[in-house]
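A.B. asks: Just so it is clear, I am handing over query.csv, which has CSV, C-alpha atoms and all ligand atoms.
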chain,number,residue,atom,x,y,z
A,123,MET,CA,96.8,139.1,86.8
A,124,ILE,CA,100.2,139.0,85.1
A,125,LYS,CA,101.6,136.3,82.9
A,126,VAL,CA,105.1,136.5,81.8
A,127,THR,CA,106.3,134.0,79.1
A,128,ASN,CA,109.9,133.5,78.0
A,129,LEU,CA,110.8,137.1,78.7
A,130,ASN,CA,114.3,138.2,77.5
A,131,LYS,CA,116.0,141.6,77.7
A,132,SER,CA,119.4,142.5,76.4
A,133,TYR,CA,121.3,145.7,76.2
A,134,GLY,CA,123.5,145.2,73.2
A,135,ASN,CA,125.4,142.0,73.8
A,136,LEU,CA,124.6,142.0,77.5
A,137,GLU,CA,121.8,139.6,78.3
A,138,VAL,CA,120.2,140.9,81.4
A,139,ILE,CA,116.9,138.9,81.6
A,140,LYS,CA,117.1,135.3,80.4
A,141,ASP,CA,114.0,133.5,79.6
A,142,ILE,CA,111.8,134.3,82.6
A,143,THR,CA,108.4,132.6,82.7
A,144,THR,CA,106.1,133.2,85.7
A,145,THR,CA,102.7,134.5,86.8
A,146,ILE,CA,101.4,136.9,89.4
A,147,GLU,CA,98.0,136.2,90.7
A,148,LYS,CA,95.5,138.7,92.1
A,149,GLY,CA,96.2,139.3,95.8
A,150,GLU,CA,99.7,137.9,95.7
A,151,VAL,CA,102.5,139.8,97.4
A,152,ILE,CA,105.7,138.8,95.7
A,153,THR,CA,109.1,140.0,96.8
A,154,ILE,CA,112.1,139.7,94.5
A,155,ILE,CA,115.4,139.2,96.1
A,156,GLY,CA,118.9,138.5,94.9
A,157,PRO,CA,122.4,139.9,94.5
A,158,SER,CA,122.7,143.3,92.8
A,159,GLY,CA,123.1,143.4,89.1
A,160,THR,CA,121.1,140.3,88.5
A,161,GLY,CA,118.3,142.1,86.6
A,162,LYS,CA,115.7,142.6,89.4
A,163,SER,CA,115.0,146.2,88.4
A,164,THR,CA,115.0,145.4,84.7
A,165,PHE,CA,112.5,142.7,85.3
A,166,LEU,CA,110.2,145.0,87.2
A,167,ARG,CA,110.6,147.7,84.5
A,168,CYS,CA,109.8,145.2,81.8
A,169,LEU,CA,106.5,144.4,83.5
A,170,ASN,CA,105.1,147.8,82.9
A,171,LEU,CA,107.1,148.4,79.7
A,172,LEU,CA,109.4,151.1,81.1
A,173,GLU,CA,111.9,148.8,79.3
A,174,ASN,CA,111.1,147.1,76.1
A,175,PRO,CA,111.6,143.4,76.3
A,176,THR,CA,113.9,142.0,73.6
A,177,SER,CA,111.5,139.0,73.2
A,178,GLY,CA,108.8,137.2,75.1
A,179,GLU,CA,105.3,138.0,76.1
A,180,ILE,CA,103.7,139.9,79.0
A,181,GLU,CA,100.0,139.5,79.6
A,182,PHE,CA,98.2,141.8,82.0
A,183,GLU,CA,94.5,141.4,82.9
A,184,GLY,CA,94.0,139.6,79.6
A,185,LYS,CA,95.8,142.2,77.4
A,186,ILE,CA,99.1,141.4,75.7
A,187,LEU,CA,101.3,144.3,76.6
A,188,THR,CA,104.0,143.3,74.1
A,189,ASP,CA,101.5,143.7,71.3
A,190,LYS,CA,101.9,147.0,69.5
A,191,ARG,CA,98.1,147.6,69.4
A,192,THR,CA,97.7,147.7,73.2
A,193,ASN,CA,97.4,151.1,74.7
A,194,ILE,CA,100.3,151.2,77.0
A,195,ASN,CA,99.5,154.4,78.9
A,196,GLU,CA,96.2,153.0,79.9
A,197,VAL,CA,97.7,149.8,81.1
A,198,ARG,CA,100.5,151.6,83.0
A,199,ARG,CA,98.1,153.6,85.0
A,200,LYS,CA,96.8,150.3,86.5
A,201,MET,CA,100.3,149.3,87.4
A,202,GLY,CA,101.6,151.7,90.0
A,203,MET,CA,105.4,152.0,90.4
A,204,VAL,CA,107.3,153.2,93.4
A,205,PHE,CA,111.0,154.0,93.0
A,206,GLN,CA,113.9,154.2,95.3
A,207,ASN,CA,114.1,158.0,95.0
A,208,PHE,CA,110.5,159.0,95.5
A,209,ASN,CA,110.2,161.1,92.3
A,210,LEU,CA,107.7,163.6,93.8
A,211,PHE,CA,107.0,166.9,92.0
A,212,ALA,CA,109.2,169.2,94.0
A,213,ASN,CA,107.2,172.4,93.1
A,214,MET,CA,103.9,171.0,94.2
A,215,SER,CA,102.5,170.6,97.7
A,216,VAL,CA,101.8,167.1,98.9
A,217,LEU,CA,98.1,167.5,98.2
A,218,ASP,CA,98.8,168.6,94.6
A,219,ASN,CA,101.1,165.7,94.1
A,220,LEU,CA,98.2,163.5,95.0
A,221,CYS,CA,95.7,165.3,92.9
A,222,VAL,CA,97.5,166.0,89.6
A,223,GLY,CA,97.3,162.4,88.2
A,224,GLN,CA,93.7,162.1,89.3
A,225,THR,CA,92.5,165.3,87.6
A,226,LYS,CA,94.7,165.2,84.5
A,227,LEU,CA,94.7,161.5,83.7
A,228,LEU,CA,91.6,160.1,85.4
A,229,ARG,CA,89.6,163.3,84.8
A,230,ILE,CA,88.3,163.3,88.4
A,231,PRO,CA,86.9,166.7,89.5
A,232,ARG,CA,89.3,168.6,91.7
A,233,ALA,CA,87.0,168.5,94.8
A,234,GLU,CA,86.6,164.8,94.6
A,235,ALA,CA,90.4,164.3,93.9
A,236,GLU,CA,91.2,166.3,97.0
A,237,LYS,CA,88.8,164.2,99.1
A,238,ASN,CA,90.5,161.0,97.8
A,239,ALA,CA,93.9,162.6,98.4
A,240,ARG,CA,93.1,163.4,102.0
A,241,GLU,CA,91.9,159.9,102.6
A,242,LEU,CA,95.1,158.4,101.1
A,243,LEU,CA,97.2,160.7,103.3
A,244,GLN,CA,95.4,159.3,106.3
A,245,THR,CA,96.2,155.7,105.3
A,246,VAL,CA,99.9,156.5,105.1
A,247,GLY,CA,99.8,158.5,108.3
A,248,LEU,CA,100.4,161.9,106.8
A,249,SER,CA,97.1,163.8,107.1
A,250,GLU,CA,98.8,166.9,108.6
A,251,LYS,CA,101.3,167.2,105.8
A,252,ALA,CA,98.8,168.0,103.0
A,253,ASP,CA,100.1,171.5,102.5
A,254,ALA,CA,103.8,170.7,103.0
A,255,TYR,CA,106.3,170.6,100.1
A,256,PRO,CA,108.4,167.6,99.4
A,257,ASP,CA,111.6,169.2,100.6
A,258,GLU,CA,110.0,169.9,104.0
A,259,LEU,CA,109.6,166.1,104.6
A,260,SER,CA,111.9,163.4,105.7
A,261,GLY,CA,112.9,160.6,103.3
A,262,GLY,CA,110.4,158.2,105.0
A,263,GLN,CA,107.6,160.7,104.7
A,264,ARG,CA,108.4,161.5,101.1
A,265,GLN,CA,108.3,157.8,100.3
A,266,ARG,CA,105.0,157.4,102.0
A,267,VAL,CA,103.6,160.4,99.9
A,268,ALA,CA,105.0,158.6,96.8
A,269,ILE,CA,103.1,155.5,97.8
A,270,ALA,CA,99.9,157.5,98.4
A,271,ARG,CA,100.3,159.2,95.0
A,272,CYS,CA,100.7,155.9,93.4
A,273,LEU,CA,97.5,154.7,95.1
A,274,SER,CA,95.7,157.8,93.9
A,275,MET,CA,95.8,156.3,90.4
A,276,ARG,CA,93.8,153.3,91.7
A,277,PRO,CA,96.2,150.7,90.4
A,278,ASP,CA,95.4,147.0,90.3
A,279,ILE,CA,99.0,146.1,91.1
A,280,MET,CA,101.9,148.0,92.6
A,281,LEU,CA,105.5,147.5,91.7
A,282,PHE,CA,108.2,148.7,94.2
A,283,ASP,CA,111.8,148.9,93.3
A,284,GLU,CA,113.8,149.0,96.5
A,285,PRO,CA,111.5,151.4,98.2
A,286,THR,CA,113.6,151.7,101.3
A,287,SER,CA,117.1,151.6,100.1
A,288,ALA,CA,117.6,155.3,99.8
A,289,LEU,CA,116.4,155.8,103.4
A,290,ASP,CA,118.2,156.4,106.6
A,291,PRO,CA,117.9,153.1,108.6
A,292,THR,CA,115.6,154.8,111.2
A,293,MET,CA,113.0,155.4,108.5
A,294,VAL,CA,112.8,152.0,106.9
A,295,GLY,CA,110.1,150.8,109.3
A,296,GLU,CA,107.6,153.5,108.6
A,297,VAL,CA,107.7,152.7,104.9
A,298,THR,CA,107.6,148.9,105.3
A,299,THR,CA,104.7,149.3,107.7
A,300,VAL,CA,102.7,151.1,105.1
A,301,ILE,CA,103.5,148.5,102.5
A,302,LYS,CA,102.5,145.7,104.9
A,303,ARG,CA,99.2,147.4,105.5
A,304,LEU,CA,98.5,147.5,101.8
A,305,ALA,CA,99.3,143.8,101.7
A,306,GLN,CA,96.8,143.1,104.5
A,307,ASN,CA,94.2,145.0,102.5
A,308,GLY,CA,94.6,142.7,99.5
A,309,MET,CA,96.7,144.9,97.2
A,310,THR,CA,98.6,142.8,94.6
A,311,MET,CA,102.3,143.8,94.8
A,312,ALA,CA,105.7,142.9,93.4
A,313,ILE,CA,108.5,144.3,95.5
A,314,VAL,CA,112.2,144.3,94.9
A,315,THR,CA,113.9,144.6,98.3
A,316,HIS,CA,117.0,144.0,100.3
A,317,GLU,CA,115.1,144.0,103.6
A,318,MET,CA,115.1,140.3,104.4
A,319,GLU,CA,113.0,140.5,107.5
A,320,PHE,CA,110.4,142.5,105.6
A,321,ALA,CA,110.4,140.1,102.7
A,322,LYS,CA,109.9,137.2,105.1
A,323,ASN,CA,106.9,138.9,106.8
A,324,VAL,CA,105.1,140.5,103.9
A,325,SER,CA,105.4,138.0,101.0
A,326,THR,CA,103.1,135.3,99.9
A,327,ARG,CA,105.9,134.2,97.5
A,328,ILE,CA,109.5,135.0,97.2
A,329,ILE,CA,111.4,135.0,93.9
A,330,TYR,CA,115.1,134.6,94.2
A,331,MET,CA,116.8,136.0,91.1
A,332,ASP,CA,120.3,135.2,90.0
A,333,GLU,CA,122.1,136.1,86.8
A,334,GLY,CA,119.0,137.3,85.0
A,335,GLY,CA,116.7,134.3,85.7
A,336,ILE,CA,114.4,133.0,88.4
A,337,TYR,CA,116.7,130.7,90.2
A,338,GLU,CA,114.3,129.6,92.9
A,339,GLU,CA,110.9,130.7,94.1
A,340,GLY,CA,108.7,129.6,96.9
A,341,SER,CA,107.0,130.5,100.2
A,342,PRO,CA,108.9,132.7,102.6
A,343,GLN,CA,109.0,129.6,104.8
A,344,ILE,CA,110.8,127.5,102.1
A,345,ILE,CA,113.1,130.2,100.9
A,346,PHE,CA,114.3,131.3,104.4
A,347,ASN,CA,114.2,128.0,106.2
A,348,SER,CA,114.9,125.3,103.6
A,349,PRO,CA,115.9,126.7,100.3
A,350,LYS,CA,116.4,123.9,97.8
A,351,ARG,CA,119.2,125.3,95.7
A,352,GLU,CA,122.7,126.2,96.6
A,353,LYS,CA,122.9,129.9,95.5
A,354,THR,CA,119.7,130.7,97.3
A,355,ARG,CA,121.1,129.1,100.5
A,356,ALA,CA,124.3,131.0,100.2
A,357,PHE,CA,122.4,134.3,99.7
A,358,ILE,CA,120.0,133.7,102.6
A,359,ASN,CA,122.8,132.6,104.9
A,360,ARG,CA,125.3,135.3,104.0
A,361,VAL,CA,126.5,136.9,107.1
A,362,LYS,CA,125.9,140.5,107.9
A,363,SER,CA,128.8,141.8,109.9
A,364,PHE,CA,129.9,144.8,112.0
A,365,ARG,CA,133.4,145.7,113.0
A,366,TYR,CA,134.6,148.3,115.3
A,367,GLU,CA,138.4,148.9,115.7
A,368,THR,CA,140.2,151.1,118.2
A,369,ASP,CA,143.8,151.9,119.0
A,370,SER,CA,143.6,152.1,122.7
A,371,LYS,CA,143.7,155.8,123.6
A,372,ASP,CA,140.7,157.2,121.9
A,373,PHE,CA,138.2,154.4,122.4
A,374,ASP,CA,134.8,156.0,122.5
A,375,PHE,CA,132.2,153.8,124.1
A,376,ILE,CA,129.3,156.0,123.0
A,377,GLU,CA,130.4,155.9,119.4
A,378,LEU,CA,130.8,152.1,119.5
A,379,THR,CA,127.3,151.6,121.0
A,380,ASN,CA,125.8,154.0,118.5
A,381,ASN,CA,127.4,152.3,115.5
A,382,LEU,CA,126.4,148.9,116.8
A,383,LEU,CA,122.9,150.0,117.2
A,384,ASN,CA,122.7,151.5,113.8
A,385,PHE,CA,124.0,148.3,112.2
A,386,CYS,CA,121.5,146.2,114.1
A,387,ASN,CA,118.6,148.5,113.1
A,388,ALA,CA,119.7,148.7,109.5
A,389,ASN,CA,119.6,144.9,109.4
A,390,ALA,CA,116.3,144.6,111.1
A,391,LEU,CA,117.7,142.7,114.0
A,392,SER,CA,115.1,141.6,116.6
A,393,LYS,CA,114.9,143.7,119.7
A,394,ALA,CA,115.8,140.7,122.0
A,395,ASN,CA,119.0,140.0,120.1
A,396,LEU,CA,119.9,143.7,119.7
A,397,ASN,CA,119.7,143.9,123.5
A,398,LYS,CA,121.9,140.8,123.9
A,399,ALA,CA,124.6,142.2,121.6
A,400,GLY,CA,124.5,145.6,123.2
A,401,LEU,CA,124.7,144.1,126.7
A,402,LEU,CA,127.6,141.8,125.8
A,403,SER,CA,129.5,144.6,124.1
A,404,GLU,CA,129.0,146.9,127.1
A,405,GLU,CA,130.0,144.3,129.7
A,406,LEU,CA,133.1,143.5,127.8
A,407,THR,CA,134.3,146.9,126.8
A,408,VAL,CA,133.3,148.9,129.9
A,409,ASN,CA,133.7,146.3,132.7
A,410,LEU,CA,136.0,143.5,131.7
A,411,ILE,CA,138.6,144.7,129.2
A,412,PRO,CA,140.7,147.7,130.1
A,413,LYS,CA,140.1,150.6,127.7
A,414,GLU,CA,143.7,150.7,126.6
A,415,ASP,CA,143.8,147.0,125.8
A,416,LEU,CA,140.7,146.8,123.6
A,417,ARG,CA,141.4,146.3,119.9
A,418,SER,CA,138.2,145.4,118.1
A,419,ILE,CA,134.6,144.2,118.4
A,420,ASN,CA,133.0,142.1,115.7
A,421,PHE,CA,129.3,141.1,115.5
A,422,GLY,CA,127.7,139.1,112.8
A,423,PHE,CA,124.7,137.1,111.9
A,424,PRO,CA,123.1,135.5,108.8
A,425,ASP,CA,120.0,136.9,107.2
A,426,ASN,CA,117.8,134.3,108.7
A,427,GLN,CA,118.9,135.4,112.1
A,428,GLU,CA,119.2,132.0,113.5
A,429,SER,CA,122.6,132.4,115.1
A,430,PHE,CA,124.8,135.2,116.4
A,431,GLU,CA,128.5,135.7,116.9
A,432,LEU,CA,130.2,138.4,118.8
A,433,SER,CA,133.9,138.5,119.3
A,434,VAL,CA,136.4,140.9,120.9
A,435,THR,CA,140.2,141.1,120.6
A,436,TYR,CA,142.4,142.8,123.2
A,437,GLY,CA,146.1,143.2,123.9
A,438,GLY,CA,147.9,143.4,127.2
A,439,GLU,CA,149.0,140.4,129.1
A,440,LYS,CA,147.8,137.0,127.9
A,441,ARG,CA,144.6,136.2,129.7
A,442,ASP,CA,141.0,135.2,129.4
A,443,VAL,CA,138.9,138.0,131.0
A,444,MET,CA,136.0,135.5,131.4
A,445,GLN,CA,138.1,133.7,134.0
A,446,VAL,CA,137.6,136.2,136.7
A,447,GLU,CA,134.9,136.5,139.4
A,448,ASP,CA,132.8,139.3,138.3
A,449,PHE,CA,129.1,139.9,138.0
A,450,SER,CA,129.7,140.9,134.3
A,451,VAL,CA,131.0,137.4,133.6
A,452,ASP,CA,127.8,135.9,135.0
A,453,ILE,CA,125.7,138.2,132.8
A,454,ILE,CA,127.6,137.2,129.7
A,455,LYS,CA,127.4,133.5,130.5
A,456,GLY,CA,123.6,134.0,130.8
A,457,ILE,CA,123.5,135.2,127.2
A,458,ALA,CA,126.1,133.2,125.3
A,459,ASP,CA,125.6,129.5,124.6
A,460,SER,CA,129.3,129.0,123.8
A,461,ILE,CA,132.4,131.0,124.7
A,462,ILE,CA,135.8,130.3,123.3
A,463,TYR,CA,139.1,131.9,124.2
A,464,LYS,CA,142.2,132.0,122.0
A,465,CYS,CA,145.5,133.7,122.1
A,466,GLU,CA,147.2,134.3,118.8
A,467,SER,CA,150.3,136.4,118.3
A,468,ASP,CA,149.9,138.3,121.5
A,469,THR,CA,146.3,139.1,120.9
A,470,ASN,CA,143.6,137.7,123.1
A,471,GLU,CA,140.4,136.7,121.3
A,472,LEU,CA,137.1,135.8,122.8
A,473,TYR,CA,134.2,134.4,120.8
A,474,PHE,CA,130.6,134.3,122.0
A,475,LYS,CA,127.8,132.6,120.2
A,476,TRP,CA,124.2,132.3,120.8
A,477,ALA,CA,121.2,131.0,118.9
A,478,GLN,CA,117.8,132.5,118.2
B,501,LIG,P1,119.5,144.7,89.9
B,501,LIG,O1,118.3,145.6,90.0
B,501,LIG,O2,119.2,143.3,90.2
B,501,LIG,O3,120.6,145.3,90.7
B,501,LIG,P2,119.5,145.7,87.1
B,501,LIG,O4,118.3,145.2,86.5
B,501,LIG,O5,119.5,147.1,87.6
B,501,LIG,O6,119.9,144.8,88.3
B,501,LIG,O7,120.7,145.5,86.1
B,501,LIG,C1,121.1,144.3,85.6
B,501,LIG,C2,122.2,144.5,84.6
B,501,LIG,O8,121.8,145.2,83.5
B,501,LIG,C3,123.4,145.2,85.2
B,501,LIG,O9,124.6,144.6,84.7
B,501,LIG,C4,123.3,146.6,84.6
B,501,LIG,O10,124.5,147.2,84.5
B,501,LIG,C5,122.6,146.3,83.3
B,501,LIG,N1,121.8,147.5,82.8
B,501,LIG,C6,120.7,147.9,83.5
B,501,LIG,N2,120.1,148.9,82.8
B,501,LIG,C7,120.9,149.1,81.7
B,501,LIG,C8,120.9,150.1,80.6
B,501,LIG,N3,119.9,151.0,80.5
B,501,LIG,N4,121.8,149.9,79.7
B,501,LIG,C9,122.8,149.0,79.8
B,501,LIG,N5,122.9,148.1,80.8
B,501,LIG,C10,122.0,148.2,81.7
B,502,MG,MG,117.9,147.3,91.1
Would you kindly transcribe this structure into structure tokens?
Ligand code: ADP
Ligand code: MG
C.D. replies:
Amino acid sequence: MIKVTNLNKSYGNLEVIKDITTTIEKGEVITIIGPSGTGKSTFLRCLNLLENPTSGEIEFEGKILTDKRTNINEVRRKMGMVFQNFNLFANMSVLDNLCVGQTKLLRIPRAEAEKNARELLQTVGLSEKADAYPDELSGGQRQRVAIARCLSMRPDIMLFDEPTSALDPTMVGEVTTVIKRLAQNGMTMAIVTHEMEFAKNVSTRIIYMDEGGIYEEGSPQIIFNSPKREKTRAFINRVKSFRYETDSKDFDFIELTNNLLNFCNANALSKANLNKAGLLSEELTVNLIPKEDLRSINFGFPDNQESFELSVTYGGEKRDVMQVEDFSVDIIKGIADSIIYKCESDTNELYFKWAQ
């Protein structure tokens, strides 16, 4: 469907895209991952010529886009793009947002456009919001409308640039679910995302970009479980970490639990491991370590979620709180595969690890 050959893009002296050659076949779902500033957005924007490549060739459904004679507007309609910030028309109802492109650009009669729009709203789960205005919707709902509007133009491929990164963590799921459903229905897609669990589940192929080029690409299986090259490995295994610090008196258990939960949700931690981390934290902070002694809780795991480490530090007398007879101790031993106690400069430290 798309063939990219020796694509380069520079802004002045800054080379952002360096010699990318790749193809996207019909039905493929490609996610593009990598550190920020490596040109992922620029690459996506070059594909539909929102940015003009400095050199190289892009072919889409047999047409050379980089050729001046190609009608770019016509081509762009077949490549839907969904951005981070929704870009809905604020002064139009949801229904009108979904009809305007159909009637103005595709010249579909209003009645038919409305019928299509209502069907699309159903596919993104927002039938009852047809008459609402964008500012009456949550971020997740707005992004689902943006996806429906994009679909209303009947694109052959959809490009997503970090569709969930402007969203509150609790709303990421509703948007990724809609995108997964499109994938199941055979939509060809290229998606730039930081949601690793989503990338793992939705993609037929993952492109890892680094410093303006395709550094490694492969199946989710390969990229997540056995990446061949060093930077990919480092990126995939980078640890997500959470830290909560307290100075004895105003330790707020509810706040800690809530922050930990938000962190877990934002990083798409599986339910089972979220429960383990929550339970461990609770047993330690509520039952085993006196409130006034607690100093910090740390929790971290790599993107591939194959191992987890939770640690606590606490003051007071030098002691390992796991060495007492207590039901909480048994619960923790049932979760952690390894438990290490250390005492350094009058601070007690306990490390708990478990594997997937
Ligand atoms: P990513 O999406 O991977 O975070 P981008 O494609 O947004 O990366 O940006 C890659 C690089 O190009 C960055 O260094 C960015 O500052 C630069 N860049 C992006 N757009 C422009 C622009 N319009 N003018 C100048 N530099 C830009
Ligand atoms: Mg970007």
A.B. asks: All residues within 8 Å of ligand MG 502 (chain B) are required, counting all atoms listed in the file; please report them as a VMD selection string.
C.D. replies: chain A and resid 158 to 159 161 to 164 283 to 284 314
A.B. asks: Here is a test: counting all atoms listed in the file, which residue of A:Asp425, A:Arg327, A:Trp476, A:Pro231 is nearest to A:Val361?
C.D. replies: A:Asp425
A.B. asks: Rounded to one decimal in Å, what is the spacing between atom CA of A:Gln265 and atom CA of A:Lys322?
C.D. replies: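 So the answer is 21.2 Å.
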A.B. asks: Using all atoms listed in the file, determine which residues lie at most 8 Å from A:Asp369, disregarding the query and same-chain residues fewer than 5 positions distant; provide the list as an NGL selection string.
C.D. replies: :A and (414 or 416-417)
A.B. asks: Got a sec to check which residues lie within 10 Å of ligand LIG 501 (chain B), using all atoms listed in the file, and send them as an mmCIF file with C-alpha atoms, in the coordinates of the input?
C.D. replies:
data_model
loop_
_atom_site.group_PDB
_atom_site.id
_atom_site.type_symbol
_atom_site.label_atom_id
_atom_site.label_comp_id
_atom_site.auth_asym_id
_atom_site.auth_seq_id
_atom_site.Cartn_x
_atom_site.Cartn_y
_atom_site.Cartn_z
ATOM 1 C CA LYS A 131 116.000 141.600 77.700
ATOM 2 C CA SER A 132 119.400 142.500 76.400
ATOM 3 C CA TYR A 133 121.300 145.700 76.200
ATOM 4 C CA GLY A 134 123.500 145.200 73.200
ATOM 5 C CA ASN A 135 125.400 142.000 73.800
ATOM 6 C CA LEU A 136 124.600 142.000 77.500
ATOM 7 C CA GLU A 137 121.800 139.600 78.300
ATOM 8 C CA VAL A 138 120.200 140.900 81.400
ATOM 9 C CA ILE A 139 116.900 138.900 81.600
ATOM 10 C CA ILE A 154 112.100 139.700 94.500
ATOM 11 C CA ILE A 155 115.400 139.200 96.100
ATOM 12 C CA GLY A 156 118.900 138.500 94.900
ATOM 13 C CA PRO A 157 122.400 139.900 94.500
ATOM 14 C CA SER A 158 122.700 143.300 92.800
ATOM 15 C CA GLY A 159 123.100 143.400 89.100
ATOM 16 C CA THR A 160 121.100 140.300 88.500
ATOM 17 C CA GLY A 161 118.300 142.100 86.600
ATOM 18 C CA LYS A 162 115.700 142.600 89.400
ATOM 19 C CA SER A 163 115.000 146.200 88.400
ATOM 20 C CA THR A 164 115.000 145.400 84.700
ATOM 21 C CA PHE A 165 112.500 142.700 85.300
ATOM 22 C CA LEU A 166 110.200 145.000 87.200
ATOM 23 C CA ARG A 167 110.600 147.700 84.500
ATOM 24 C CA CYS A 168 109.800 145.200 81.800
ATOM 25 C CA GLU A 173 111.900 148.800 79.300
ATOM 26 C CA ASP A 283 111.800 148.900 93.300
ATOM 27 C CA GLU A 284 113.800 149.000 96.500
ATOM 28 C CA VAL A 314 112.200 144.300 94.900
ATOM 29 C CA THR A 315 113.900 144.600 98.300
ATOM 30 C CA MET A 331 116.800 136.000 91.100
ATOM 31 C CA ASP A 332 120.300 135.200 90.000
ATOM 32 C CA GLU A 333 122.100 136.100 86.800
ATOM 33 C CA GLY A 334 119.000 137.300 85.000
#
A.B. asks: I'd like the interatomic distance between atom CA of A:Ser287 and atom CA of A:Glu258, to a tenth of an Å.
C.D. replies: 20.0 Å
A.B. asks: Let me make sure I understand: among A:Leu396, A:Ile194, A:Ile124, A:Met311, which one has the smallest atom-to-atom distance to A:Asn384 if we use all atoms listed in the file?
C.D. replies: A:Leu396
A.B. asks: Given only C-alpha atoms as the basis, pick out the residue of A:Glu447, A:Glu367, A:Lys455, A:Met123 nearest to A:Leu401.
C.D. replies: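 Answer, going by the shortest atom-to-atom distance: A:Lys455.
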A.B. asks: Which polymer residues, whether protein, DNA or RNA, lie within 12 Å of the coordinate (97.9, 155.1, 80.3) when you count all atoms listed in the file? List them as a PyMOL selection string, using the chain letters and numbers from the file.
C.D. replies: chain A and resi 170-171+187+192-202+223+226-228+275+277
A.B. asks: Find, counting only C-alpha atoms, the residue in A:Asn381, A:Phe430, A:Phe375, A:Asp415 that gets nearest to A:Lys362.
C.D. replies: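 Using only C-alpha atoms, A:Lys362 sits closest to A:Phe430.
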A.B. asks: In Å, rounded to a single decimal, give me how far atom CA of A:Lys185 is from atom CA of A:Ile313.
C.D. replies: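 Atom-to-atom, atom CA of A:Ile313 and atom CA of A:Lys185 are spaced 22.2 Å apart.
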A.B. asks: Near A:Ser274, counting only C-alpha atoms, which residues have an atom at most 10 Å away, once you skip same-chain residues fewer than 5 positions from it, shown as an MDAnalysis selection string?
C.D. replies: chainID A and resid 202 219:224 228 235 238:239 241:243 268:269
